[in-house]
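A.B. asks: Starting off with a structure, shown below.
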Amino acid sequence: MVSYKSQCLFSLFILALWANVAISRELHHHSRLPTMMEKYKQWMARYGRVYKDFSEQQKRFQIFKYNVALVEAFNAVGNKSFNVSINQFADLTQEEFRKYYLGAEPPSQSSLRNIQTLNYENTIELPPSINWKTARAVTGIKDQGQCGSCWAFAVVAAVESAYKIKYGRLIALSEQQLLDCVSPGSLNNDYCGYGKPLHAYSYIMANGGLTTEDNYPYHKEKGYCANWRAYQIAVEIQNYYSIPSYSEATIMQALVQQPVVVIIDGYNSGFMLYGGGVFDGKLPNGRQSCTTNTNHVVLVIGYGTDPYGRDYFLIKNSWGTQWGEGGYARLLRVGGAGICGITNWPSIPLV
């Protein structure tokens with residue numbers, strides 16, 4: 001006859017066995033990799049995506065799948081200087097990305113004839129690194145939204161920094177003022193229209209300066225120029241200059257004094273999905289993905305060298321803090337004319 005003690009031990013064994021099975025099932029459930037649709041829904045929730053109908057959502061899902069495959073394939077390759085990520089642009093094609101987020105035009109020959117060029121006749125000794133962000137001469141990362149207003153953000157950021165360096169006050173200025181009062185685009189243009197940094201500088205001088213962001217806030221679309229706001233000047237500029245083209249060295253010399261506005265090629269999947277590291281513009285097969293055909297304006301706020309000996313320019317972008325390294329990027333310095341057109345059209349404002 002089985003003892004009471006034996007029955008208790010057997011019961012405890014059965015309970016332990018069932019508990020082990022339940023825990024194993026739970027662990028297996030949590031260790032299961034999410035499906036592509038689950039990844040998509042998580043991404044939609046993170047970035048607040050809501051589509052007009054199911055058909056549009058399915059269309060975006062197909063684009064999302066393509067970009068996820070690109071990201072996973074790229075990041076699986078070793079010995080890279082940067083990585084890409086499933087960021088806020090992951091449901092866009094490259095063509096859509098160019099239409100909505102790249103808004104720069106190179107200066108015309110006539111406009112170049114009317115601007116002074118700074119010539120660095122006496123080459124100064126350069127420090128090993130410069131970072132105007134850590135010097136607290138750069139306002140926080142802003143977000144241009146689905147609007148080709150990068151040129152306005154870069155020029156405003158340059159004026160903000162130059163004013164802080166000279167006068168010690170960091171004032172957030174108005175990009176909307178430039179978008180409304182400078183951009184030649186139509187009010188029916190749903191992507192805000194393209195712009196040129198030189199036109200922005202010229203307007204600021206003619207208007208007597210820029211007003212604050214608080215006084216003329218950004219709306220992510222072009223509107224009529226509100227002159228009554230625009231005339232409430234917070235910061236003036238004395239002049240603006242181009243910097244000799246096709247030379248990383250001259251940009252570095254200018255950076256000793258202040259950040260520099262540049263126009264780069266952002267029309268490539270590597271830059272669109274950039275997640276961090278030193279961007280060298282190359283795809284996994286080694287092919288260069290960026291060209292010298294410039295289309296996006298950013299602000300260079302410094303330079304340095306990473307722990308692996310890669311030289312870079314530090315760039316402030318205007319796509320929010322979820323892109324890149326908290327809204328910033330590091331672009332490889334290679335000497336000479338550089339990569340991605342960064343040395344084609346550099347310029348600075350003088351406050």
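All residue names refer to the structure tokens as shown: chains lettered A, B, ... in order, residues numbered from 1 in each chain, ligands numbered from 1 in order.
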Based on the backbone DSSP call, show me all residues of segment 183-323 of chain A assigned strand (DSSP E or B), as a PyMOL selection string.
C.D. replies: chain A and resi 195+210+212+235+239-242+260-264+274-279+282+288+296-305+311-316+319
A.B. asks: Store the residues picked out above in a file with N, CA, C and O atoms, as a compact mmCIF listing (two decimals), in the first residue's frame.
C.D. replies:
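This went into result.txt:
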# COMPACT_ATOMS: atom_id res chain seq x y z
N GLY A 195 14.29 75.83 -51.91
CA GLY A 195 14.86 77.12 -51.61
C GLY A 195 16.37 77.10 -51.71
O GLY A 195 16.99 76.04 -51.80
N LEU A 210 15.98 88.64 -38.55
CA LEU A 210 15.02 87.57 -38.30
C LEU A 210 14.30 87.80 -36.99
O LEU A 210 14.87 88.32 -36.03
N THR A 212 11.90 85.93 -33.79
CA THR A 212 12.07 84.72 -33.00
C THR A 212 11.11 83.61 -33.46
O THR A 212 10.07 83.88 -34.09
N VAL A 235 17.37 89.36 -34.36
CA VAL A 235 18.79 89.21 -34.72
C VAL A 235 19.01 89.74 -36.13
O VAL A 235 18.24 89.41 -37.04
N ASN A 239 26.30 90.66 -43.15
CA ASN A 239 26.64 90.23 -44.51
C ASN A 239 26.59 88.70 -44.56
O ASN A 239 26.29 88.05 -43.56
N TYR A 240 26.90 88.15 -45.72
CA TYR A 240 27.03 86.70 -45.86
C TYR A 240 28.08 86.43 -46.92
O TYR A 240 28.31 87.23 -47.83
N TYR A 241 28.73 85.28 -46.79
CA TYR A 241 29.87 84.97 -47.65
C TYR A 241 29.83 83.51 -48.10
O TYR A 241 29.35 82.63 -47.37
N SER A 242 30.34 83.29 -49.28
CA SER A 242 30.62 81.91 -49.69
C SER A 242 32.03 81.57 -49.25
O SER A 242 32.86 82.45 -49.00
N VAL A 260 29.06 76.19 -40.39
CA VAL A 260 29.05 76.46 -41.83
C VAL A 260 27.84 75.78 -42.48
O VAL A 260 27.57 74.60 -42.24
N VAL A 261 27.12 76.52 -43.32
CA VAL A 261 26.01 75.97 -44.10
C VAL A 261 26.57 75.27 -45.33
O VAL A 261 27.38 75.84 -46.06
N VAL A 262 26.12 74.03 -45.57
CA VAL A 262 26.56 73.29 -46.76
C VAL A 262 25.35 72.62 -47.41
O VAL A 262 24.30 72.44 -46.78
N ILE A 263 25.50 72.28 -48.68
CA ILE A 263 24.47 71.53 -49.41
C ILE A 263 25.07 70.19 -49.80
O ILE A 263 26.14 70.13 -50.40
N ILE A 264 24.38 69.11 -49.42
CA ILE A 264 24.89 67.77 -49.67
C ILE A 264 23.90 66.96 -50.49
O ILE A 264 22.77 67.39 -50.73
N TYR A 274 19.98 56.46 -42.15
CA TYR A 274 21.18 56.54 -41.30
C TYR A 274 20.82 56.43 -39.82
O TYR A 274 19.91 57.10 -39.33
N GLY A 275 21.56 55.53 -39.13
CA GLY A 275 21.28 55.34 -37.71
C GLY A 275 22.40 55.76 -36.79
O GLY A 275 22.18 56.01 -35.61
N GLY A 276 23.62 55.86 -37.31
CA GLY A 276 24.74 56.26 -36.48
C GLY A 276 26.06 55.82 -37.06
O GLY A 276 26.11 55.01 -37.99
N GLY A 277 27.15 56.37 -36.54
CA GLY A 277 28.47 56.07 -37.06
C GLY A 277 28.95 57.15 -38.02
O GLY A 277 28.32 58.20 -38.16
N VAL A 278 30.06 56.89 -38.66
CA VAL A 278 30.63 57.85 -39.62
C VAL A 278 30.15 57.48 -41.02
O VAL A 278 30.57 56.46 -41.59
N PHE A 279 29.26 58.29 -41.56
CA PHE A 279 28.65 58.01 -42.86
C PHE A 279 29.67 58.19 -43.97
O PHE A 279 30.22 59.27 -44.16
N LYS A 282 28.64 54.66 -48.64
CA LYS A 282 28.81 53.42 -49.39
C LYS A 282 27.75 52.39 -49.04
O LYS A 282 27.28 52.31 -47.91
N GLN A 288 29.52 53.56 -54.14
CA GLN A 288 29.17 54.84 -53.54
C GLN A 288 27.70 55.15 -53.80
O GLN A 288 27.24 55.11 -54.94
N HIS A 296 20.19 68.78 -50.35
CA HIS A 296 19.76 68.90 -48.95
C HIS A 296 20.74 69.81 -48.19
O HIS A 296 21.95 69.62 -48.27
N VAL A 297 20.18 70.80 -47.46
CA VAL A 297 21.01 71.77 -46.75
C VAL A 297 21.09 71.39 -45.28
O VAL A 297 20.07 71.13 -44.64
N VAL A 298 22.31 71.38 -44.75
CA VAL A 298 22.54 71.07 -43.34
C VAL A 298 23.57 72.06 -42.80
O VAL A 298 24.18 72.82 -43.55
N LEU A 299 23.78 72.01 -41.49
CA LEU A 299 24.76 72.88 -40.85
C LEU A 299 25.91 72.03 -40.30
O LEU A 299 25.69 71.13 -39.51
N VAL A 300 27.12 72.34 -40.74
CA VAL A 300 28.30 71.67 -40.18
C VAL A 300 28.69 72.41 -38.91
O VAL A 300 28.96 73.62 -38.94
N ILE A 301 28.70 71.69 -37.79
CA ILE A 301 28.96 72.35 -36.50
C ILE A 301 30.27 71.90 -35.86
O ILE A 301 30.58 72.28 -34.72
N GLY A 302 31.06 71.11 -36.58
CA GLY A 302 32.33 70.70 -36.02
C GLY A 302 33.00 69.63 -36.85
O GLY A 302 32.52 69.23 -37.91
N TYR A 303 34.11 69.17 -36.35
CA TYR A 303 34.82 68.05 -36.97
C TYR A 303 35.60 67.32 -35.89
O TYR A 303 35.78 67.82 -34.77
N GLY A 304 36.06 66.11 -36.22
CA GLY A 304 36.83 65.33 -35.25
C GLY A 304 37.27 64.02 -35.85
O GLY A 304 37.23 63.82 -37.08
N THR A 305 37.69 63.11 -34.99
CA THR A 305 38.16 61.78 -35.40
C THR A 305 37.58 60.77 -34.42
O THR A 305 37.65 60.97 -33.20
N ASP A 311 38.20 60.25 -39.74
CA ASP A 311 37.95 61.69 -39.65
C ASP A 311 36.53 62.00 -40.12
O ASP A 311 36.05 61.40 -41.09
N TYR A 312 35.88 62.97 -39.51
CA TYR A 312 34.51 63.27 -39.88
C TYR A 312 34.19 64.75 -39.67
O TYR A 312 34.87 65.46 -38.93
N PHE A 313 33.12 65.19 -40.37
CA PHE A 313 32.45 66.45 -40.08
C PHE A 313 31.21 66.12 -39.24
O PHE A 313 30.52 65.13 -39.49
N LEU A 314 30.91 66.96 -38.24
CA LEU A 314 29.70 66.80 -37.43
C LEU A 314 28.62 67.70 -38.01
O LEU A 314 28.81 68.91 -38.16
N ILE A 315 27.47 67.11 -38.30
CA ILE A 315 26.40 67.80 -39.01
C ILE A 315 25.14 67.88 -38.15
O ILE A 315 24.74 66.89 -37.53
N LYS A 316 24.53 69.05 -38.13
CA LYS A 316 23.21 69.23 -37.52
C LYS A 316 22.16 69.16 -38.62
O LYS A 316 22.18 69.95 -39.56
N TRP A 319 15.67 66.81 -39.18
CA TRP A 319 14.68 65.74 -39.32
C TRP A 319 14.27 65.17 -37.96
O TRP A 319 13.84 64.02 -37.86
A.B. asks: Set the distance at 10 Å and use only C-alpha atoms: which residues neighbour segment 97-99 of chain A once local chain neighbours fewer than 2 positions away are removed? I'd like the list as a list in words.
C.D. replies: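 Residues meeting the cut-off are Phe89, Ala90, Asp91, Leu92, Thr93, Gln94, Glu95, Tyr101, Leu102, Gly103, Gln146, Cys147, Gly148, Asp190, Tyr191, Cys192, Gly193, Tyr194, Gly266, Tyr267, Asn268, Ser269, Met272, Asn295 and His296 of chain A.
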A.B. asks: Just want the 7 Å neighbourhood of segment 126-141 of chain A, counted on only C-alpha atoms, with same-chain residues fewer than 3 positions away dropped. Output as a list in words.
C.D. replies: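 Result of the neighbour search: Ser161, Lys164, Ile165, Leu170, Ala172, Gln253, Ile301, Gly302, Tyr303, Gly304, Ser318, Gly320, Thr321 and Gly327 of chain A.
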A.B. asks: For Gln257 of chain A, which of A:Tyr163, A:Tyr47, A:Tyr218, A:Trp323 is the closest residue, counting only C-alpha atoms?
C.D. replies: A:Tyr163
A.B. asks: DSSP on the backbone, then: every residue of segment 173-299 of chain A marked alpha helix (DSSP H), written as a ChimeraX atom specification.
C.D. replies: /A:175-181,197-207,227-230,248-255,269-272
A.B. asks: Write out as a list in words the residues lying within 8 Å of Ile86 of chain A, counting only C-alpha atoms and excluding same-chain residues fewer than 5 positions away.
C.D. replies: Asn67, Val68, Val71 and Leu273 of chain A
A.B. asks: Could you save those same residues with all heavy atoms as a short mmCIF file (atom, residue, chain, number, x, y, z; two decimals), in the first residue's frame?
C.D. replies:
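Final output, saved to again-v9.cif:
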data_model
loop_
_atom_site.label_atom_id
_atom_site.label_comp_id
_atom_site.auth_asym_id
_atom_site.auth_seq_id
_atom_site.Cartn_x
_atom_site.Cartn_y
_atom_site.Cartn_z
N ASN A 67 12.37 48.15 -47.09
CA ASN A 67 13.37 48.92 -46.33
C ASN A 67 13.92 48.12 -45.15
O ASN A 67 15.10 48.24 -44.81
CB ASN A 67 12.77 50.24 -45.86
CG ASN A 67 12.69 51.26 -46.98
OD1 ASN A 67 13.53 51.30 -47.86
ND2 ASN A 67 11.65 52.09 -46.95
N VAL A 68 13.08 47.30 -44.51
CA VAL A 68 13.57 46.45 -43.43
C VAL A 68 14.60 45.46 -43.97
O VAL A 68 15.65 45.24 -43.34
CB VAL A 68 12.41 45.70 -42.74
CG1 VAL A 68 12.93 44.60 -41.82
CG2 VAL A 68 11.56 46.67 -41.94
N VAL A 71 17.82 47.29 -44.51
CA VAL A 71 18.50 47.59 -43.25
C VAL A 71 19.17 46.34 -42.68
O VAL A 71 20.34 46.37 -42.27
CB VAL A 71 17.50 48.17 -42.23
CG1 VAL A 71 18.09 48.16 -40.82
CG2 VAL A 71 17.11 49.58 -42.63
N LEU A 273 18.12 56.39 -44.12
CA LEU A 273 17.94 55.46 -43.01
C LEU A 273 19.12 55.46 -42.05
O LEU A 273 19.24 54.56 -41.21
CB LEU A 273 17.71 54.05 -43.57
CG LEU A 273 16.48 53.88 -44.47
CD1 LEU A 273 16.48 52.50 -45.12
CD2 LEU A 273 15.18 54.11 -43.71
#
A.B. asks: What is the distance between atom CA of Ile348 of chain A and atom CA of Tyr216 of chain A, in Å to one decimal?
C.D. replies: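 Distance between the two atoms: 23.1 Å.
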